[in-house]
Structure formats: structure tokens, C-alpha cells
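Asker: Pasting my_file00.csv here (CSV, C-alpha atoms):
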chain,number,residue,atom,x,y,z
A,283,MET,CA,33.6,-31.1,-11.4
A,284,LEU,CA,35.4,-29.4,-8.5
A,285,SER,CA,37.9,-27.7,-10.8
A,286,THR,CA,35.0,-26.2,-12.9
A,287,THR,CA,33.2,-25.0,-9.8
A,288,LEU,CA,36.4,-23.5,-8.4
A,289,THR,CA,37.2,-21.8,-11.7
A,290,ALA,CA,33.6,-20.3,-11.8
A,291,ILE,CA,34.0,-19.0,-8.2
A,292,VAL,CA,37.4,-17.4,-8.9
A,293,ALA,CA,36.1,-15.8,-12.1
A,294,ALA,CA,33.0,-14.4,-10.3
A,295,SER,CA,35.2,-13.1,-7.5
A,296,PHE,CA,37.5,-11.4,-10.0
A,297,PHE,CA,34.7,-9.6,-11.8
A,298,ALA,CA,33.1,-8.5,-8.5
A,299,VAL,CA,36.4,-7.0,-7.4
A,300,ALA,CA,37.1,-5.5,-10.8
A,301,ALA,CA,33.9,-3.5,-10.8
A,302,SER,CA,34.1,-2.1,-7.3
A,303,ALA,CA,35.5,1.5,-7.5
A,304,VAL,CA,33.9,4.8,-8.3
A,305,ASN,CA,36.2,7.9,-8.3
A,306,GLY,CA,36.2,11.4,-9.7
A,307,SER,CA,34.5,14.7,-9.6
A,308,GLY,CA,32.1,16.7,-11.7
A,309,THR,CA,29.6,19.6,-11.8
A,310,VAL,CA,26.0,19.0,-12.7
A,311,THR,CA,23.7,21.8,-13.8
A,312,PHE,CA,20.0,21.1,-13.6
A,313,GLY,CA,17.7,24.0,-14.0
A,314,SER,CA,18.9,26.7,-11.6
A,315,SER,CA,20.8,24.2,-9.4
A,316,VAL,CA,24.5,23.7,-9.8
A,317,GLU,CA,26.0,20.9,-7.8
A,318,HIS,CA,29.7,19.8,-7.6
A,319,ILE,CA,30.2,16.2,-6.5
A,320,THR,CA,33.4,14.4,-5.6
A,321,VAL,CA,33.4,10.7,-5.1
A,322,ASN,CA,36.0,8.2,-3.7
A,323,VAL,CA,34.4,4.8,-3.2
A,324,SER,CA,36.0,1.3,-3.1
A,325,GLY,CA,33.8,-1.7,-2.7
A,326,SER,CA,30.6,-0.7,-1.0
A,327,SER,CA,31.9,2.1,1.1
A,328,GLY,CA,33.6,5.5,0.7
A,329,ARG,CA,32.9,9.1,0.7
A,330,ALA,CA,31.2,11.7,-1.5
A,331,THR,CA,31.3,15.5,-0.9
A,332,PHE,CA,28.9,18.0,-2.4
A,333,GLN,CA,28.6,21.7,-2.9
A,334,ASP,CA,25.2,22.8,-4.1
A,335,LYS,CA,24.2,26.2,-5.3
A,336,ALA,CA,20.4,26.5,-5.7
A,337,ALA,CA,17.6,28.9,-5.4
A,338,GLY,CA,17.2,27.8,-1.7
A,339,GLY,CA,20.7,28.7,-0.8
A,340,ASN,CA,24.2,27.1,-0.8
A,341,VAL,CA,24.6,23.7,0.9
A,342,SER,CA,27.8,21.7,1.3
A,343,GLY,CA,28.6,18.5,3.1
A,344,GLN,CA,29.9,14.9,3.1
A,345,ILE,CA,28.1,11.6,2.6
A,346,ASN,CA,29.5,8.3,4.0
A,347,ILE,CA,28.6,6.0,1.2
A,348,ASN,CA,27.3,2.6,2.4
A,349,CYS,CA,25.4,1.3,-0.7
A,350,VAL,CA,26.9,0.9,-4.2
A,351,SER,CA,25.2,-0.7,-7.2
A,352,ILE,CA,27.3,-0.9,-10.4
A,353,THR,CA,25.9,-2.2,-13.7
A,354,GLY,CA,28.3,-1.8,-16.6
A,355,ASN,CA,29.3,1.9,-16.8
A,356,THR,CA,26.6,3.1,-14.4
A,357,ALA,CA,26.9,3.4,-10.6
A,358,THR,CA,24.2,4.3,-8.1
A,359,LEU,CA,25.4,5.3,-4.7
A,360,SER,CA,23.7,6.2,-1.4
A,361,GLY,CA,24.7,6.9,2.2
A,362,LEU,CA,24.2,9.2,5.1
A,363,VAL,CA,25.2,12.8,5.4
A,364,THR,CA,27.7,13.1,8.2
A,365,HIS,CA,28.8,16.7,7.8
A,366,SER,CA,27.0,19.7,6.4
A,367,ASN,CA,26.9,23.5,6.8
A,368,LYS,CA,23.1,23.0,7.2
A,369,LYS,CA,22.8,21.0,10.4
A,370,GLU,CA,19.3,19.7,9.5
A,371,MET,CA,20.9,17.7,6.6
A,372,ILE,CA,23.0,15.6,9.0
A,373,GLY,CA,21.6,12.1,9.2
A,374,GLN,CA,19.6,12.4,5.9
A,375,GLU,CA,20.2,9.8,3.2
A,376,GLY,CA,21.6,11.0,-0.2
A,377,VAL,CA,21.3,8.9,-3.4
A,378,PHE,CA,22.6,9.7,-6.8
A,379,ARG,CA,23.7,8.0,-10.1
A,380,ILE,CA,26.8,8.4,-12.2
A,381,VAL,CA,27.4,7.2,-15.8
A,382,ASP,CA,31.1,6.9,-16.9
A,383,ASN,CA,31.3,7.3,-20.6
A,384,GLY,CA,35.0,6.5,-20.6
A,385,GLY,CA,36.4,9.9,-21.3
A,386,LYS,CA,35.3,9.8,-24.9
A,387,LYS,CA,35.7,13.2,-26.6
A,388,GLY,CA,32.2,14.6,-27.3
A,389,THR,CA,30.5,12.1,-24.9
A,390,PRO,CA,30.5,13.6,-21.4
A,391,ASP,CA,29.9,11.6,-18.3
A,392,MET,CA,26.4,11.9,-16.8
A,393,ALA,CA,25.2,12.3,-13.3
A,394,THR,CA,22.2,13.3,-11.2
A,395,LEU,CA,21.8,15.9,-8.5
A,396,ILE,CA,21.9,14.2,-5.1
A,397,ASN,CA,18.4,13.3,-3.8
A,398,PHE,CA,18.2,13.9,-0.1
A,399,HIS,CA,15.5,12.3,2.2
A,400,GLN,CA,15.0,10.7,5.6
A,401,PRO,CA,16.5,7.2,5.7
A,402,GLY,CA,13.9,4.5,4.9
A,403,THR,CA,11.4,6.9,3.3
A,404,SER,CA,12.7,6.6,-0.3
A,405,THR,CA,15.1,4.8,-2.5
A,406,ASP,CA,18.7,3.8,-1.8
A,407,CYS,CA,21.3,2.5,-4.3
A,408,ASN,CA,19.2,-0.5,-5.2
A,409,ALA,CA,16.3,1.2,-6.9
A,410,GLY,CA,15.0,4.4,-8.2
A,411,GLU,CA,14.6,6.5,-11.4
A,412,PHE,CA,17.1,9.3,-12.0
A,413,ASP,CA,17.2,12.3,-14.3
A,414,LEU,CA,20.7,12.3,-15.7
A,415,THR,CA,22.4,15.3,-17.1
A,416,PRO,CA,25.9,15.9,-18.7
A,417,VAL,CA,28.8,16.5,-16.3
A,418,LYS,CA,31.6,19.0,-16.5
A,419,GLY,CA,34.3,16.7,-15.1
A,420,ASP,CA,35.3,13.1,-15.1
A,421,PHE,CA,34.1,10.0,-13.2
A,422,THR,CA,35.7,6.5,-13.4
A,423,ILE,CA,33.8,3.3,-12.6
A,424,ARG,CA,35.9,0.1,-12.4
Take the structure from the file and write it as C-alpha cells.

Answerer:
Amino acid sequence: MLSTTLTAIVAASFFAVAASAVNGSGTVTFGSSVEHITVNVSGSSGRATFQDKAAGGNVSGQININCVSITGNTATLSGLVTHSNKKEMIGQEGVFRIVDNGGKKGTPDMATLINFHQPGTSTDCNAGEFDLTPVKGDFTIR
């Protein structure tokens, strides 16, 4: 009995660690917005940078990721903006989703634009609906 329980705990720990990294970069075009995202996350923390060219102007910055939810080949990430060329962005929460299609030719990875909002007023990495679009680039979810 103890051996079976211990084996289950070790197996669960292995799979939790195995699916705990999101890395890569890509460019998402959605309407008139073009956003380049770079992600380097291990476990439930890391960093994402963004450069957004939209009708409202150009915005760039960094998000300290503090929430990561991975299901299969899909990762939803959120965190707080710590640096930005638009000071009013600092302190806002950013949430976005990435789908890793495994580098298959003809099947691009997918991602969303980053949704920015005041912390606690909308979704984080644990909920939400996202409009995915093909990415020019490559993301890896492990």
C-alpha cells in the first residue's frame, strides 16, 4: 500500500515538473494591432516582454509572470507589468494564452494579444476566454 501511494506521488510530481516551462517568441497580428511577445517561464514564475504597435500608439514593456496554467499544449499566463514606456501601464495585470503546435509544418503556434487590466478586476491565468490567432514565431510548452 505504501509503495503504491509513494509511486503515485512520485509520478504526479514528475508530470507536474515536466509541464512547467513556457519559452519562445512570436508576433501576433489581430486587426490593426501587431504585438511581439517573448516568454521565459519556469514553474509559476518568469518574464514576458511585449512590443505592441496599435492604432493607439506603440507600447512596450515587461511582465513579471506570477500565474501559469498549462493544460496539454496550451498555457495561460498572467502577471504584473513592471516596466513600460507608458508609465500608466506599470502595475497593471497582463493575461494571455499560447498554444504550442509542436513546430509542425503548416500548423503555426497560436497566441492572443495581451489583455491588460487593473489587478483583481478581470481574469488571471486560471480563467477567461481568449481569441487565438496564428503566430509568426515559435513557442515551446513543456

Asker: Can you measure CA of Asp382 in chain A to CA of Asp420 in chain A for me? One decimal in Å is fine.

Answerer: 7.7 Å

Asker: Looking at A:Ile372, A:Cys407, A:Ser314, A:Ala393, which one is nearest to Ser327 in chain A, with distances taken over all atoms listed in the file?

Answerer: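 Using all atoms listed in the file, Ser327 in chain A sits closest to A:Cys407.
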
Asker: Skip Gly328 in chain A itself and residues of its chain fewer than 5 positions away, then list as a list in words all residues within 10 Å of it, counting all atoms listed in the file.

Answerer: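 Skipping anything fewer than 5 positions along the chain leaves Ala303, Val304, Asn305, Val321, Asn322, Val323, Ile345, Asn346, Ile347, Asn348, Cys349, Val350, Leu359 and Gly361 of chain A.
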
Asker: Measuring atom to atom with all atoms listed in the file, identify which of A:Ser315, A:Gln374, A:Ser404, A:Thr394 is nearest to Val417 in chain A.

Answerer: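 When distances to Val417 in chain A are compared using all atoms listed in the file, the smallest one comes from A:Thr394.
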
Asker: Find the residue from A:Thr422, A:Asn383, A:Ser366, A:Ser360 that sits nearest to Ala409 in chain A; use all atoms listed in the file when measuring.

Answerer: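 Under the stated criterion, the closest residue is A:Ser360.
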
Asker: Have a look at A:Thr415, A:Asn340, A:Ser302, A:Asn408 and name the one nearest to Gly354 in chain A; count all atoms listed in the file.

Answerer: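 Closest residue, counting all atoms listed in the file: A:Ser302.
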
Asker: Here is a test: counting all atoms listed in the file, which residue of A:Gly325, A:Gly306, A:Gly339, A:Gly376 is nearest to Leu395 in chain A?

Answerer: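 For Leu395 in chain A, the nearest of the candidates is A:Gly376.
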
Asker: What is the CA of Ala330 in chain A to CA of Val381 in chain A distance in Å?

Answerer: 15.5 Å

Asker: Provide the CA of Arg379 in chain A to CA of Thr403 in chain A distance in Å, to one decimal place.

Answerer: 18.2 Å

Asker: Ranking A:Lys418, A:Glu317, A:Phe312, A:Ile380 by minimum distance to Thr353 in chain A and counting all atoms listed in the file, which one comes first?

Answerer: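 Smallest separation from Thr353 in chain A among the options: A:Ile380.
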
Asker: Could you model N, CA and C atoms for range 317-345 of chain A and present them as a CSV table (one decimal), keeping the file's coordinate frame?

Answerer:
chain,number,residue,atom,x,y,z
A,317,GLU,N,25.5,21.7,-8.9
A,317,GLU,CA,26.0,20.9,-7.8
A,317,GLU,C,27.3,20.3,-8.2
A,318,HIS,N,28.4,20.4,-7.4
A,318,HIS,CA,29.7,19.8,-7.6
A,318,HIS,C,29.7,18.6,-6.7
A,319,ILE,N,30.1,17.4,-7.3
A,319,ILE,CA,30.2,16.2,-6.5
A,319,ILE,C,31.6,15.6,-6.7
A,320,THR,N,32.2,15.2,-5.6
A,320,THR,CA,33.4,14.4,-5.6
A,320,THR,C,33.2,13.1,-4.9
A,321,VAL,N,33.6,12.0,-5.6
A,321,VAL,CA,33.4,10.7,-5.1
A,321,VAL,C,34.7,9.9,-5.0
A,322,ASN,N,34.8,9.2,-3.9
A,322,ASN,CA,36.0,8.2,-3.7
A,322,ASN,C,35.4,7.0,-3.0
A,323,VAL,N,35.1,6.0,-3.8
A,323,VAL,CA,34.4,4.8,-3.2
A,323,VAL,C,35.2,3.5,-3.7
A,324,SER,N,35.4,2.6,-2.8
A,324,SER,CA,36.0,1.3,-3.1
A,324,SER,C,35.1,0.3,-2.4
A,325,GLY,N,34.7,-0.7,-3.2
A,325,GLY,CA,33.8,-1.7,-2.7
A,325,GLY,C,32.4,-1.1,-2.5
A,326,SER,N,31.9,-1.3,-1.3
A,326,SER,CA,30.6,-0.7,-1.0
A,326,SER,C,30.6,0.4,0.0
A,327,SER,N,31.8,1.0,0.2
A,327,SER,CA,31.9,2.1,1.1
A,327,SER,C,32.9,3.2,0.6
A,328,GLY,N,32.8,4.4,1.1
A,328,GLY,CA,33.6,5.5,0.7
A,328,GLY,C,33.0,6.8,1.1
A,329,ARG,N,33.3,7.8,0.4
A,329,ARG,CA,32.9,9.1,0.7
A,329,ARG,C,32.5,9.9,-0.5
A,330,ALA,N,31.5,10.8,-0.4
A,330,ALA,CA,31.2,11.7,-1.5
A,330,ALA,C,31.1,13.1,-0.8
A,331,THR,N,31.5,14.1,-1.4
A,331,THR,CA,31.3,15.5,-0.9
A,331,THR,C,30.5,16.2,-2.0
A,332,PHE,N,29.7,17.2,-1.5
A,332,PHE,CA,28.9,18.0,-2.4
A,332,PHE,C,28.9,19.5,-2.0
A,333,GLN,N,28.8,20.3,-3.0
A,333,GLN,CA,28.6,21.7,-2.9
A,333,GLN,C,27.5,22.1,-3.9
A,334,ASP,N,26.4,22.5,-3.3
A,334,ASP,CA,25.2,22.8,-4.1
A,334,ASP,C,24.8,24.2,-4.0
A,335,LYS,N,24.7,24.8,-5.2
A,335,LYS,CA,24.2,26.2,-5.3
A,335,LYS,C,22.8,26.2,-5.9
A,336,ALA,N,21.8,26.5,-5.2
A,336,ALA,CA,20.4,26.5,-5.7
A,336,ALA,C,19.7,27.7,-5.2
A,337,ALA,N,18.4,27.8,-5.7
A,337,ALA,CA,17.6,28.9,-5.4
A,337,ALA,C,17.4,29.0,-3.8
A,338,GLY,N,17.4,27.8,-3.2
A,338,GLY,CA,17.2,27.8,-1.7
A,338,GLY,C,18.4,28.1,-0.9
A,339,GLY,N,19.5,28.4,-1.5
A,339,GLY,CA,20.7,28.7,-0.8
A,339,GLY,C,21.9,27.7,-1.1
A,340,ASN,N,23.0,28.0,-0.5
A,340,ASN,CA,24.2,27.1,-0.8
A,340,ASN,C,24.3,26.1,0.3
A,341,VAL,N,24.5,24.8,-0.1
A,341,VAL,CA,24.6,23.7,0.9
A,341,VAL,C,25.8,22.9,0.5
A,342,SER,N,26.6,22.5,1.5
A,342,SER,CA,27.8,21.7,1.3
A,342,SER,C,27.8,20.6,2.3
A,343,GLY,N,28.5,19.5,2.1
A,343,GLY,CA,28.6,18.5,3.1
A,343,GLY,C,29.3,17.2,2.6
A,344,GLN,N,29.2,16.2,3.4
A,344,GLN,CA,29.9,14.9,3.1
A,344,GLN,C,28.9,13.8,3.4
A,345,ILE,N,28.9,12.8,2.5
A,345,ILE,CA,28.1,11.6,2.6
A,345,ILE,C,29.0,10.4,2.8
